[in-house]
Every structure is written in C-alpha cells, then in structure tokens.
Amino acid sequence: MSLTHEYLVSKSVLQADVVINLPKMKTHRKVGITAAMKNLVGINGSKDWLPHHRFGSVVEGGDEFLNRNPIKSLRSKFLDFENHTQNISLRRLSHYAVRVLGRIAKTIAAGFIPGR
C-alpha cells in the first residue's frame, strides 16, 4: 500500500516571493507544544485537507466531538456542504439546517425532553 501526501495550498502563497514564518511558543492539548507548526495552517485552502480534521466522534475515529451523536454528525455534514457548494439557495438551506440541528443538539444536551 502506498501512502500519498496531498496538500491544498493557497495560490497567493505559491506565487509569493517570500513567506515569513516566525515561531511562537504555544501549547496545544494534542501535541504539547506547537512552536511554528500551526503557523502554516492558514496557507491551507480547506479545513478538510488538514490532517487533524476527521468527521465524527472520537469513538468513531473522528475528532469533532467526544461521543457518538447522530444530530451532530448530520449538522457537520450540512456545514461541510454549506462550505463547499456554489449554489446560493442550497447554501442558505444548508445554513438553516446547521442552525436548527445545532439548537436541537444543545436542547438535548441541556436535558430537555418534549412532553414533560
């Protein structure tokens, strides 16, 4: 099995004569210290190309939320669709779905049970 490394780098960075990257000591809960590691995240063209972005819960192999949650998973898929579609009407519909699903997830997390 071959391993392919692919990157989506902003055209403005690729066309720049100089890119200045100054390290700053910072901490990070996943890697301890970051030094200058996170400085170049901004040259990336889409969050889906970042190595740490994985759909789903931690138990499902993702890193978006801790436990399995179908509402949050669906919200995440709509959010991803909203960020990638060029169709304005579909983007608005997706945005509305993201907001509604977010409110549902928060309501469930707060312990609200309809009919009580």
# chains A, B, ... in the order shown; residues from 1 in each chain; ligands from 1
>>> residues_around(residues="Lys24 of chain A", least_positions_apart="2", cutoff="8 Å", atoms="only C-alpha atoms", output="MDAnalysis selection string")
chainID A and resid 22 26 35:36
>>> residues_around(residues="His84 of chain A", least_positions_apart="5", cutoff="12 Å", atoms="only C-alpha atoms", output="MDAnalysis selection string")
chainID A and resid 45:48 77:79 90:91 94:95
>>> write_last_selection(atoms="all heavy atoms", output="compact mmCIF listing (two decimals), in the first residue's frame")
# COMPACT_ATOMS: atom_id res chain seq x y z
N GLY A 45 -6.00 25.60 1.88
CA GLY A 45 -7.19 26.09 1.19
C GLY A 45 -8.51 25.61 1.73
O GLY A 45 -9.54 26.21 1.47
N SER A 46 -8.53 24.51 2.51
CA SER A 46 -9.79 23.97 3.03
C SER A 46 -9.51 23.15 4.27
O SER A 46 -8.54 22.39 4.33
CB SER A 46 -10.44 23.07 1.97
OG SER A 46 -11.51 22.35 2.51
N LYS A 47 -10.38 23.25 5.28
CA LYS A 47 -10.17 22.53 6.53
C LYS A 47 -10.16 21.01 6.32
O LYS A 47 -9.58 20.29 7.11
CB LYS A 47 -11.22 22.90 7.57
CG LYS A 47 -12.61 22.37 7.26
CD LYS A 47 -13.57 22.66 8.38
CE LYS A 47 -14.91 22.00 8.04
NZ LYS A 47 -15.77 21.93 9.18
N ASP A 48 -10.81 20.53 5.26
CA ASP A 48 -10.84 19.09 5.01
C ASP A 48 -9.46 18.54 4.67
O ASP A 48 -9.25 17.33 4.73
CB ASP A 48 -11.82 18.77 3.89
CG ASP A 48 -13.25 19.07 4.29
OD1 ASP A 48 -13.54 19.00 5.50
OD2 ASP A 48 -14.06 19.38 3.41
N LYS A 77 -22.24 17.39 8.47
CA LYS A 77 -22.33 17.14 7.02
C LYS A 77 -22.98 18.31 6.30
O LYS A 77 -22.55 18.70 5.22
CB LYS A 77 -23.06 15.83 6.76
CG LYS A 77 -22.22 14.65 7.15
CD LYS A 77 -22.92 13.34 6.96
CE LYS A 77 -21.99 12.24 7.45
NZ LYS A 77 -22.59 10.95 7.45
N PHE A 78 -24.02 18.88 6.91
CA PHE A 78 -24.65 20.07 6.32
C PHE A 78 -23.68 21.25 6.31
O PHE A 78 -23.63 22.01 5.34
CB PHE A 78 -25.92 20.46 7.08
CG PHE A 78 -27.16 19.78 6.58
CD1 PHE A 78 -27.80 18.81 7.33
CD2 PHE A 78 -27.71 20.13 5.35
CE1 PHE A 78 -28.94 18.18 6.87
CE2 PHE A 78 -28.86 19.51 4.88
CZ PHE A 78 -29.48 18.54 5.64
N LEU A 79 -22.91 21.42 7.38
CA LEU A 79 -21.95 22.51 7.46
C LEU A 79 -20.88 22.36 6.37
O LEU A 79 -20.51 23.32 5.69
CB LEU A 79 -21.29 22.55 8.83
CG LEU A 79 -20.30 23.69 9.08
CD1 LEU A 79 -20.95 25.04 8.90
CD2 LEU A 79 -19.73 23.57 10.48
N LEU A 90 -28.91 26.53 -2.13
CA LEU A 90 -28.54 25.35 -1.34
C LEU A 90 -27.68 25.74 -0.14
O LEU A 90 -27.79 25.14 0.93
CB LEU A 90 -27.81 24.34 -2.21
CG LEU A 90 -28.65 23.63 -3.26
CD1 LEU A 90 -27.79 22.71 -4.12
CD2 LEU A 90 -29.78 22.86 -2.61
N ARG A 91 -26.85 26.75 -0.31
CA ARG A 91 -26.03 27.23 0.81
C ARG A 91 -26.92 27.79 1.92
O ARG A 91 -26.71 27.51 3.10
CB ARG A 91 -25.04 28.29 0.33
CG ARG A 91 -24.09 28.72 1.45
CD ARG A 91 -23.08 29.72 0.97
NE ARG A 91 -22.23 29.10 -0.02
CZ ARG A 91 -21.46 29.77 -0.86
NH1 ARG A 91 -21.44 31.08 -0.84
NH2 ARG A 91 -20.72 29.13 -1.73
N SER A 94 -28.72 24.91 3.62
CA SER A 94 -27.78 24.19 4.48
C SER A 94 -27.49 24.98 5.75
O SER A 94 -27.41 24.42 6.84
CB SER A 94 -26.46 23.93 3.74
OG SER A 94 -26.67 23.08 2.66
N HIS A 95 -27.33 26.30 5.61
CA HIS A 95 -27.09 27.16 6.77
C HIS A 95 -28.24 27.07 7.76
O HIS A 95 -28.03 26.96 8.97
CB HIS A 95 -26.88 28.61 6.31
CG HIS A 95 -26.62 29.55 7.43
ND1 HIS A 95 -25.41 29.61 8.07
CD2 HIS A 95 -27.42 30.47 8.03
CE1 HIS A 95 -25.47 30.52 9.03
NE2 HIS A 95 -26.67 31.05 9.02
>>> atom_distance(atom1="atom CA of Lys106 of chain A", atom2="atom CA of Ser57 of chain A")
16.2 Å
>>> select_by_dssp(residues="segment 23-93 of chain A", states="alpha helix (DSSP H)", output="PyMOL selection string")
chain A and resi 70-84+88-93
>>> closest_residue(among="A:Thr85, A:Pro70, A:Ser76, A:Gly62", to="Ile108 of chain A", atoms="only C-alpha atoms")
A:Pro70
>>> select_by_dssp(residues="chain A", states="strand (DSSP E or B)", output="list in words")
Val9, Thr27, His28, Gly32, Ile33, Asn44, Ser57 and Phe65 of chain A
>>> write_last_selection(atoms="all heavy atoms", output="PDB file, in the first residue's frame")
ATOM      1  N   VAL A   9      -2.771  24.122  -1.174  1.00  0.00           N
ATOM      2  CA  VAL A   9      -2.102  25.344  -0.732  1.00  0.00           C
ATOM      3  C   VAL A   9      -2.641  26.527  -1.528  1.00  0.00           C
ATOM      4  O   VAL A   9      -2.809  26.448  -2.746  1.00  0.00           O
ATOM      5  CB  VAL A   9      -0.566  25.224  -0.907  1.00  0.00           C
ATOM      6  CG1 VAL A   9       0.133  26.493  -0.486  1.00  0.00           C
ATOM      7  CG2 VAL A   9      -0.048  24.032  -0.113  1.00  0.00           C
ATOM      8  N   THR A  27       1.149  26.281  23.604  1.00  0.00           N
ATOM      9  CA  THR A  27       0.823  24.904  23.971  1.00  0.00           C
ATOM     10  C   THR A  27      -0.410  24.446  23.210  1.00  0.00           C
ATOM     11  O   THR A  27      -1.199  25.257  22.719  1.00  0.00           O
ATOM     12  CB  THR A  27       0.557  24.778  25.483  1.00  0.00           C
ATOM     13  OG1 THR A  27      -0.539  25.625  25.819  1.00  0.00           O
ATOM     14  CG2 THR A  27       1.789  25.157  26.285  1.00  0.00           C
ATOM     15  N   HIS A  28      -0.555  23.148  23.121  1.00  0.00           N
ATOM     16  CA  HIS A  28      -1.675  22.555  22.403  1.00  0.00           C
ATOM     17  C   HIS A  28      -2.003  21.236  23.072  1.00  0.00           C
ATOM     18  O   HIS A  28      -1.108  20.451  23.365  1.00  0.00           O
ATOM     19  CB  HIS A  28      -1.259  22.331  20.939  1.00  0.00           C
ATOM     20  CG  HIS A  28      -2.402  21.961  20.052  1.00  0.00           C
ATOM     21  ND1 HIS A  28      -2.847  20.668  19.942  1.00  0.00           N
ATOM     22  CD2 HIS A  28      -3.179  22.703  19.232  1.00  0.00           C
ATOM     23  CE1 HIS A  28      -3.855  20.632  19.078  1.00  0.00           C
ATOM     24  NE2 HIS A  28      -4.069  21.856  18.643  1.00  0.00           N
ATOM     25  N   GLY A  32       1.192  18.948  22.786  1.00  0.00           N
ATOM     26  CA  GLY A  32       2.082  19.542  23.788  1.00  0.00           C
ATOM     27  C   GLY A  32       2.442  20.968  23.432  1.00  0.00           C
ATOM     28  O   GLY A  32       1.772  21.897  23.813  1.00  0.00           O
ATOM     29  N   ILE A  33       3.528  21.157  22.667  1.00  0.00           N
ATOM     30  CA  ILE A  33       3.878  22.496  22.194  1.00  0.00           C
ATOM     31  C   ILE A  33       3.779  22.519  20.672  1.00  0.00           C
ATOM     32  O   ILE A  33       3.970  21.509  20.009  1.00  0.00           O
ATOM     33  CB  ILE A  33       5.297  22.942  22.637  1.00  0.00           C
ATOM     34  CG1 ILE A  33       6.371  22.074  21.986  1.00  0.00           C
ATOM     35  CG2 ILE A  33       5.424  22.957  24.129  1.00  0.00           C
ATOM     36  CD1 ILE A  33       7.742  22.687  22.075  1.00  0.00           C
ATOM     37  N   ASN A  44      -3.433  26.712   4.054  1.00  0.00           N
ATOM     38  CA  ASN A  44      -4.264  25.618   3.575  1.00  0.00           C
ATOM     39  C   ASN A  44      -5.568  26.164   2.991  1.00  0.00           C
ATOM     40  O   ASN A  44      -6.176  27.064   3.550  1.00  0.00           O
ATOM     41  CB  ASN A  44      -4.551  24.675   4.746  1.00  0.00           C
ATOM     42  CG  ASN A  44      -5.191  23.407   4.292  1.00  0.00           C
ATOM     43  OD1 ASN A  44      -4.791  22.830   3.299  1.00  0.00           O
ATOM     44  ND2 ASN A  44      -6.189  22.976   5.014  1.00  0.00           N
ATOM     45  N   SER A  57     -17.334  11.405  15.831  1.00  0.00           N
ATOM     46  CA  SER A  57     -16.912  11.409  17.230  1.00  0.00           C
ATOM     47  C   SER A  57     -15.574  10.694  17.392  1.00  0.00           C
ATOM     48  O   SER A  57     -15.121   9.979  16.502  1.00  0.00           O
ATOM     49  CB  SER A  57     -17.966  10.712  18.083  1.00  0.00           C
ATOM     50  OG  SER A  57     -18.020   9.338  17.752  1.00  0.00           O
ATOM     51  N   PHE A  65     -16.281  15.683  18.017  1.00  0.00           N
ATOM     52  CA  PHE A  65     -16.937  15.643  19.315  1.00  0.00           C
ATOM     53  C   PHE A  65     -16.631  14.313  19.975  1.00  0.00           C
ATOM     54  O   PHE A  65     -16.184  13.373  19.324  1.00  0.00           O
ATOM     55  CB  PHE A  65     -18.451  15.894  19.205  1.00  0.00           C
ATOM     56  CG  PHE A  65     -19.093  15.308  17.980  1.00  0.00           C
ATOM     57  CD1 PHE A  65     -19.600  14.023  17.974  1.00  0.00           C
ATOM     58  CD2 PHE A  65     -19.182  16.053  16.818  1.00  0.00           C
ATOM     59  CE1 PHE A  65     -20.178  13.484  16.840  1.00  0.00           C
ATOM     60  CE2 PHE A  65     -19.758  15.531  15.663  1.00  0.00           C
ATOM     61  CZ  PHE A  65     -20.260  14.233  15.689  1.00  0.00           C
TER      62      PHE A  65
END
>>> residues_around(residues="Gly56 of chain A", least_positions_apart="4", cutoff="8 Å", atoms="only C-alpha atoms", output="list in words")
Glu60, Gly61, Gly62, Asp63, Glu64, Phe65, Arg68 and Ser73 of chain A
>>> residues_around(residues="Gly102 of chain A", least_positions_apart="2", cutoff="10 Å", atoms="only C-alpha atoms", output="JSON, numbers by chain")
{"A": [71, 72, 74, 75, 76, 96, 97, 98, 99, 100, 104, 105, 106, 107, 108]}
